[in-house]
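Below is my_file_15.pdb, holding PDB, C-alpha atoms, pLDDT in the B column.
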```pdb
MODEL        1
ATOM      1  CA  MET A 446      34.772 107.221  -3.040  1.00 51.00           C
ATOM      2  CA  SER A 447      32.951 105.054  -0.535  1.00 50.00           C
ATOM      3  CA  PHE A 448      30.090 102.608  -0.978  1.00 47.00           C
ATOM      4  CA  HIS A 449      27.375 101.957   1.520  1.00 48.00           C
ATOM      5  CA  ILE A 450      25.765  98.497   1.557  1.00 46.00           C
ATOM      6  CA  ASP A 451      22.452  98.245   3.325  1.00 49.00           C
ATOM      7  CA  ARG A 452      22.376  95.242   5.645  1.00 49.00           C
ATOM      8  CA  HIS A 453      18.631  95.009   5.412  1.00 50.00           C
ATOM      9  CA  VAL A 454      18.108  93.551   1.961  1.00 43.00           C
ATOM     10  CA  SER A 455      14.499  93.386   0.947  1.00 45.00           C
ATOM     11  CA  PRO A 456      13.141  89.803   0.961  1.00 43.00           C
ATOM     12  CA  VAL A 457      11.794  90.401  -2.556  1.00 42.00           C
ATOM     13  CA  VAL A 458      15.261  91.335  -3.849  1.00 43.00           C
ATOM     14  CA  LEU A 459      16.748  88.267  -2.154  1.00 39.00           C
ATOM     15  CA  VAL A 460      14.147  85.941  -3.720  1.00 41.00           C
ATOM     16  CA  VAL A 461      14.734  87.448  -7.170  1.00 44.00           C
ATOM     17  CA  VAL A 462      18.525  87.089  -6.911  1.00 44.00           C
ATOM     18  CA  LEU A 463      18.303  83.512  -5.652  1.00 42.00           C
ATOM     19  CA  SER A 464      15.808  82.512  -8.336  1.00 47.00           C
ATOM     20  CA  LEU A 465      18.134  83.882 -11.019  1.00 46.00           C
ATOM     21  CA  CYS A 466      20.960  81.757  -9.655  1.00 47.00           C
ATOM     22  CA  THR A 467      18.886  78.580  -9.526  1.00 48.00           C
ATOM     23  CA  GLY A 468      20.114  76.282 -12.225  1.00 48.00           C
ATOM     24  CA  CYS A 469      23.395  78.110 -12.703  1.00 53.00           C
ATOM     25  CA  GLY A 470      25.921  75.443 -13.527  1.00 51.00           C
ATOM     26  CA  SER A 471      23.367  72.639 -13.837  1.00 51.00           C
ATOM     27  CA  LYS A 472      22.593  71.303 -17.274  1.00 68.00           C
ATOM     28  CA  ASP A 473      19.228  69.816 -18.187  1.00 71.00           C
ATOM     29  CA  PRO A 474      19.925  66.558 -20.036  1.00 77.00           C
ATOM     30  CA  GLY A 475      16.791  67.106 -22.140  1.00 85.00           C
ATOM     31  CA  PRO A 476      14.302  64.462 -23.213  1.00 93.00           C
ATOM     32  CA  GLU A 477      15.266  60.857 -23.907  1.00 95.00           C
ATOM     33  CA  LEU A 478      15.987  60.323 -27.602  1.00 97.00           C
ATOM     34  CA  THR A 479      14.797  57.392 -29.714  1.00 96.00           C
ATOM     35  CA  SER A 480      16.631  56.419 -32.900  1.00 96.00           C
ATOM     36  CA  VAL A 481      14.627  57.594 -35.918  1.00 97.00           C
ATOM     37  CA  THR A 482      15.305  56.126 -39.333  1.00 98.00           C
ATOM     38  CA  GLY A 483      13.170  56.001 -42.410  1.00 98.00           C
ATOM     39  CA  VAL A 484      12.716  56.587 -46.086  1.00 98.00           C
ATOM     40  CA  ILE A 485      11.032  59.212 -48.271  1.00 98.00           C
ATOM     41  CA  LEU A 486       9.318  58.235 -51.491  1.00 98.00           C
ATOM     42  CA  LEU A 487       8.248  60.709 -54.158  1.00 97.00           C
ATOM     43  CA  ASN A 488       5.757  59.176 -56.580  1.00 97.00           C
ATOM     44  CA  GLU A 489       6.801  55.734 -55.265  1.00 97.00           C
ATOM     45  CA  LYS A 490      10.533  56.365 -55.955  1.00 97.00           C
ATOM     46  CA  PRO A 491      13.198  57.095 -53.299  1.00 98.00           C
ATOM     47  CA  LEU A 492      13.937  60.806 -52.913  1.00 97.00           C
ATOM     48  CA  ASP A 493      17.671  61.409 -52.414  1.00 97.00           C
ATOM     49  CA  ASN A 494      19.135  64.736 -51.149  1.00 97.00           C
ATOM     50  CA  ALA A 495      15.929  66.026 -49.566  1.00 97.00           C
ATOM     51  CA  GLU A 496      16.004  68.017 -46.321  1.00 96.00           C
ATOM     52  CA  LEU A 497      13.602  67.016 -43.525  1.00 97.00           C
ATOM     53  CA  ILE A 498      12.533  68.882 -40.430  1.00 97.00           C
ATOM     54  CA  PHE A 499      10.476  67.208 -37.699  1.00 98.00           C
ATOM     55  CA  ILE A 500       8.486  69.718 -35.633  1.00 98.00           C
ATOM     56  CA  PRO A 501       7.014  68.423 -32.350  1.00 98.00           C
ATOM     57  CA  VAL A 502       3.234  68.772 -31.999  1.00 96.00           C
ATOM     58  CA  GLU A 503       0.678  68.158 -29.280  1.00 94.00           C
ATOM     59  CA  SER A 504       2.497  67.244 -26.046  1.00 95.00           C
ATOM     60  CA  THR A 505       5.659  65.886 -27.667  1.00 97.00           C
ATOM     61  CA  PRO A 506       8.705  67.167 -25.740  1.00 96.00           C
ATOM     62  CA  GLY A 507      11.831  68.666 -27.244  1.00 95.00           C
ATOM     63  CA  VAL A 508      12.663  70.952 -30.134  1.00 96.00           C
ATOM     64  CA  GLY A 509      12.557  68.606 -33.126  1.00 97.00           C
ATOM     65  CA  GLY A 510      15.293  67.643 -35.517  1.00 97.00           C
ATOM     66  CA  ARG A 511      16.718  67.522 -39.032  1.00 97.00           C
ATOM     67  CA  ALA A 512      17.967  65.033 -41.577  1.00 97.00           C
ATOM     68  CA  ARG A 513      19.070  64.835 -45.184  1.00 97.00           C
ATOM     69  CA  THR A 514      18.136  61.815 -47.231  1.00 98.00           C
ATOM     70  CA  LYS A 515      20.910  59.663 -48.630  1.00 97.00           C
ATOM     71  CA  GLU A 516      20.881  57.101 -51.416  1.00 97.00           C
ATOM     72  CA  GLY A 517      17.598  55.232 -51.545  1.00 98.00           C
ATOM     73  CA  GLY A 518      15.776  58.105 -49.805  1.00 98.00           C
ATOM     74  CA  LYS A 519      16.980  56.851 -46.400  1.00 98.00           C
ATOM     75  CA  PHE A 520      17.437  59.175 -43.435  1.00 98.00           C
ATOM     76  CA  ASN A 521      18.594  59.245 -39.790  1.00 97.00           C
ATOM     77  CA  MET A 522      17.218  62.084 -37.675  1.00 97.00           C
ATOM     78  CA  ILE A 523      19.546  64.346 -35.688  1.00 97.00           C
ATOM     79  CA  TYR A 524      18.106  66.132 -32.649  1.00 97.00           C
ATOM     80  CA  SER A 525      18.337  69.939 -32.946  1.00 95.00           C
ATOM     81  CA  ARG A 526      20.257  70.209 -29.667  1.00 94.00           C
ATOM     82  CA  GLY A 527      22.688  67.420 -30.513  1.00 92.00           C
ATOM     83  CA  GLY A 528      22.461  63.662 -30.474  1.00 93.00           C
ATOM     84  CA  GLU A 529      20.890  61.121 -32.757  1.00 95.00           C
ATOM     85  CA  GLY A 530      17.154  60.569 -32.746  1.00 97.00           C
ATOM     86  CA  LEU A 531      14.120  62.364 -31.370  1.00 98.00           C
ATOM     87  CA  PRO A 532      11.852  62.122 -28.340  1.00 98.00           C
ATOM     88  CA  GLU A 533       8.918  59.734 -28.783  1.00 97.00           C
ATOM     89  CA  GLY A 534       5.762  61.455 -29.937  1.00 97.00           C
ATOM     90  CA  ASN A 535       3.957  63.127 -32.808  1.00 98.00           C
ATOM     91  CA  TYR A 536       5.528  65.443 -35.369  1.00 98.00           C
ATOM     92  CA  ARG A 537       4.609  67.620 -38.307  1.00 98.00           C
ATOM     93  CA  VAL A 538       7.199  67.010 -41.023  1.00 98.00           C
ATOM     94  CA  ALA A 539       8.434  69.479 -43.624  1.00 98.00           C
ATOM     95  CA  VAL A 540      10.370  68.130 -46.613  1.00 98.00           C
ATOM     96  CA  SER A 541      12.333  70.384 -48.930  1.00 96.00           C
ATOM     97  CA  TYR A 542      13.821  69.315 -52.246  1.00 96.00           C
ATOM     98  CA  ARG A 543      15.592  72.252 -53.861  1.00 95.00           C
ATOM     99  CA  LEU A 544      17.423  72.076 -57.178  1.00 96.00           C
ATOM    100  CA  MET A 545      20.115  74.356 -58.581  1.00 96.00           C
ATOM    101  CA  PRO A 546      19.530  75.970 -62.019  1.00 96.00           C
ATOM    102  CA  ASP A 547      21.486  73.105 -63.660  1.00 97.00           C
ATOM    103  CA  GLY A 548      19.101  70.551 -62.105  1.00 96.00           C
ATOM    104  CA  SER A 549      21.527  69.288 -59.452  1.00 96.00           C
ATOM    105  CA  PRO A 550      20.485  69.147 -55.778  1.00 95.00           C
ATOM    106  CA  VAL A 551      21.705  71.790 -53.355  1.00 94.00           C
ATOM    107  CA  PRO A 552      25.088  70.549 -52.088  1.00 93.00           C
ATOM    108  CA  GLU A 553      25.065  68.940 -48.646  1.00 91.00           C
ATOM    109  CA  GLY A 554      26.204  71.402 -45.992  1.00 89.00           C
ATOM    110  CA  ASP A 555      25.260  74.475 -48.056  1.00 91.00           C
ATOM    111  CA  THR A 556      24.288  77.173 -45.554  1.00 90.00           C
ATOM    112  CA  THR A 557      23.078  79.754 -48.083  1.00 92.00           C
ATOM    113  CA  PRO A 558      19.674  81.030 -46.939  1.00 90.00           C
ATOM    114  CA  PRO A 559      16.976  79.863 -49.396  1.00 85.00           C
ATOM    115  CA  ILE A 560      16.056  83.466 -50.239  1.00 89.00           C
ATOM    116  CA  GLU A 561      19.659  84.126 -51.368  1.00 94.00           C
ATOM    117  CA  SER A 562      20.188  80.778 -53.095  1.00 93.00           C
ATOM    118  CA  PRO A 563      19.789  80.251 -56.831  1.00 96.00           C
ATOM    119  CA  ALA A 564      18.131  76.914 -56.002  1.00 96.00           C
ATOM    120  CA  SER A 565      14.373  76.500 -56.413  1.00 95.00           C
ATOM    121  CA  GLU A 566      11.981  74.460 -54.282  1.00 95.00           C
ATOM    122  CA  THR A 567      10.404  71.645 -56.282  1.00 95.00           C
ATOM    123  CA  LEU A 568       7.858  70.392 -53.753  1.00 96.00           C
ATOM    124  CA  PRO A 569       4.443  71.962 -53.085  1.00 96.00           C
ATOM    125  CA  LEU A 570       3.758  73.932 -49.883  1.00 95.00           C
ATOM    126  CA  LYS A 571       1.737  71.036 -48.472  1.00 96.00           C
ATOM    127  CA  TYR A 572       5.107  69.275 -48.015  1.00 97.00           C
ATOM    128  CA  CYS A 573       7.791  71.980 -47.725  1.00 96.00           C
ATOM    129  CA  ASP A 574       6.201  74.739 -45.618  1.00 95.00           C
ATOM    130  CA  TYR A 575       7.008  74.420 -41.893  1.00 90.00           C
ATOM    131  CA  ASP A 576       3.634  75.794 -40.858  1.00 93.00           C
ATOM    132  CA  LYS A 577       1.416  74.266 -43.556  1.00 92.00           C
ATOM    133  CA  SER A 578       2.916  70.838 -44.175  1.00 95.00           C
ATOM    134  CA  GLU A 579       0.332  68.074 -44.137  1.00 94.00           C
ATOM    135  CA  LEU A 580       2.924  65.380 -43.434  1.00 97.00           C
ATOM    136  CA  LYS A 581       2.746  63.762 -40.025  1.00 97.00           C
ATOM    137  CA  ALA A 582       4.888  61.125 -38.331  1.00 97.00           C
ATOM    138  CA  THR A 583       4.840  59.291 -35.018  1.00 97.00           C
ATOM    139  CA  VAL A 584       8.189  58.439 -33.464  1.00 98.00           C
ATOM    140  CA  SER A 585       8.175  55.112 -31.608  1.00 97.00           C
ATOM    141  CA  PRO A 586      11.123  52.903 -30.605  1.00 96.00           C
ATOM    142  CA  GLY A 587      12.177  50.475 -33.332  1.00 94.00           C
ATOM    143  CA  LYS A 588       9.628  51.694 -35.903  1.00 96.00           C
ATOM    144  CA  PRO A 589      11.094  53.142 -39.118  1.00 97.00           C
ATOM    145  CA  ILE A 590       9.134  55.951 -40.770  1.00 97.00           C
ATOM    146  CA  THR A 591       8.033  55.925 -44.400  1.00 97.00           C
ATOM    147  CA  LEU A 592       6.908  59.231 -45.876  1.00 97.00           C
ATOM    148  CA  LYS A 593       5.068  59.002 -49.199  1.00 97.00           C
ATOM    149  CA  LEU A 594       4.841  62.171 -51.259  1.00 97.00           C
ATOM    150  CA  THR A 595       2.990  62.514 -54.538  1.00 96.00           C
ATOM    151  CA  THR A 596       3.201  65.300 -57.061  1.00 92.00           C
ATOM    152  CA  THR A 597       2.053  65.829 -60.599  1.00 85.00           C
ATOM    153  CA  LYS A 598       4.682  66.689 -63.178  1.00 64.00           C
ATOM    154  CA  LYS A 599       4.362  70.107 -64.804  1.00 52.00           C
TER     155      LYS A 599
ENDMDL
END
```
As structure tokens, please, write out the structure in this file.
Amino acid sequence: MSFHIDRHVSPVVLVVVLSLCTGCGSKDPGPELTSVTGVILLNEKPLDNAELIFIPVESTPGVGGRARTKEGGKFNMIYSRGGEGLPEGNYRVAVSYRLMPDGSPVPEGDTTPPIESPASETLPLKYCDYDKSELKATVSPGKPITLKLTTTKK
């Protein structure tokens, strides 16, 4: 079996091949991250064991990040692509506080999809829905974030 290679490669094919190779081996360092700390209050009390997601809006660079509140409702954001903090800018924030049937919070590190979990969301959609959350935050160097949530008890 013999192969024939045409010496006259089309310029279009050459441009396509070279453009596909551009960036091979180089790694984009991504946007500069700023340390993001803060606290969440629910009805003026710290909310422990809540999950937060910061979603960049407007012209904020990056892909956002996650955190879980610790004792006192305090959190430190982790960038979704690794590293601590987030790029400076504006974010929509979703906060989830799910409880197991016995009233305990979902264990930290639990990877069970919410639809398969016995846990129930306790916060209204205006806080927990990624697309509908009304919570907003601005990330700036050295400025902790305080998120105040209010709900009525059922």
Review point. Quick one: of A:Thr479, A:Thr514, A:Asn488, A:Thr567, who's nearest to A:Pro532, counting all atoms listed in the file?
Key: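 Among A:Thr479, A:Thr514, A:Asn488, A:Thr567, it is A:Thr479 that comes nearest to A:Pro532.
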Point to revise | Gap from atom CA of A:Glu503 to atom CA of A:Ser525 - Å, one decimal | key: 18.1 Å
Review point. Of the candidates A:Leu478, A:Thr595, A:Ser504, A:Asp493, which one gets nearest to A:Ser549 if we count all atoms listed in the file?
Key: A:Asp493
Review point. What do you get, as a VMD selection string, if you spell out every residue that the PyMOL selection byres ((chain A and resi 501) around 10) selects here?
Key: chain A and resid 498 to 500 502 to 510 531 to 538 581 to 583
Study note, to complete from the structure: Here atom CA of A:Ile590 and atom CA of A:Ile485 stand apart by 8.4 Å
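Here, the PyMOL selection byres ((chain A and resi 489) around 12) matches A:Val484, A:Ile485, A:Leu486, A:Leu487, A:Asn488, A:Lys490, A:Pro491, A:Leu492, A:Gly517, A:Gly518, A:Thr591, A:Leu592, A:Lys593, A:Leu594, A:Thr595, A:Thr596.
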Practice item. Have a look at A:Leu497, A:Pro550, A:Pro474, A:Ser541 and name the one nearest to A:Gly527; count all atoms listed in the file. Key: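 Ranking A:Leu497, A:Pro550, A:Pro474, A:Ser541 by distance to A:Gly527, first place goes to A:Pro474.
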Exercise for review: Would you mind reading off the distance between atom CA of A:Leu568 and atom CA of A:Gly530, one decimal, in Å?
Suggested key: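 Between atom CA of A:Leu568 and atom CA of A:Gly530 the gap works out to 25.0 Å.
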**Study point:** Evaluate the PyMOL selection byres ((chain A and resi 565) around 6) and report residues as a ChimeraX atom specification
**Key:** /A:543-544,564,566
Check your understanding: Which one of A:Ser578, A:Thr482, A:Ser562, A:Asn494 sits closest to A:Glu516 if you count all atoms listed in the file?
Key ->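 When distances to A:Glu516 are compared using all atoms listed in the file, the smallest one comes from A:Asn494.
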**Study point:** Counting all atoms listed in the file, the residue of A:Tyr524, A:Glu477, A:Ala495, A:Ala539 that sits nearest A:Tyr575
**Key:**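 Of the candidates, the smallest distance to A:Tyr575 is held by A:Ala539.
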Point to revise | Which residue of A:Ala512, A:Met522, A:Leu580, A:Cys573 approaches A:Glu553 most closely, using all atoms listed in the file | key: A:Ala512
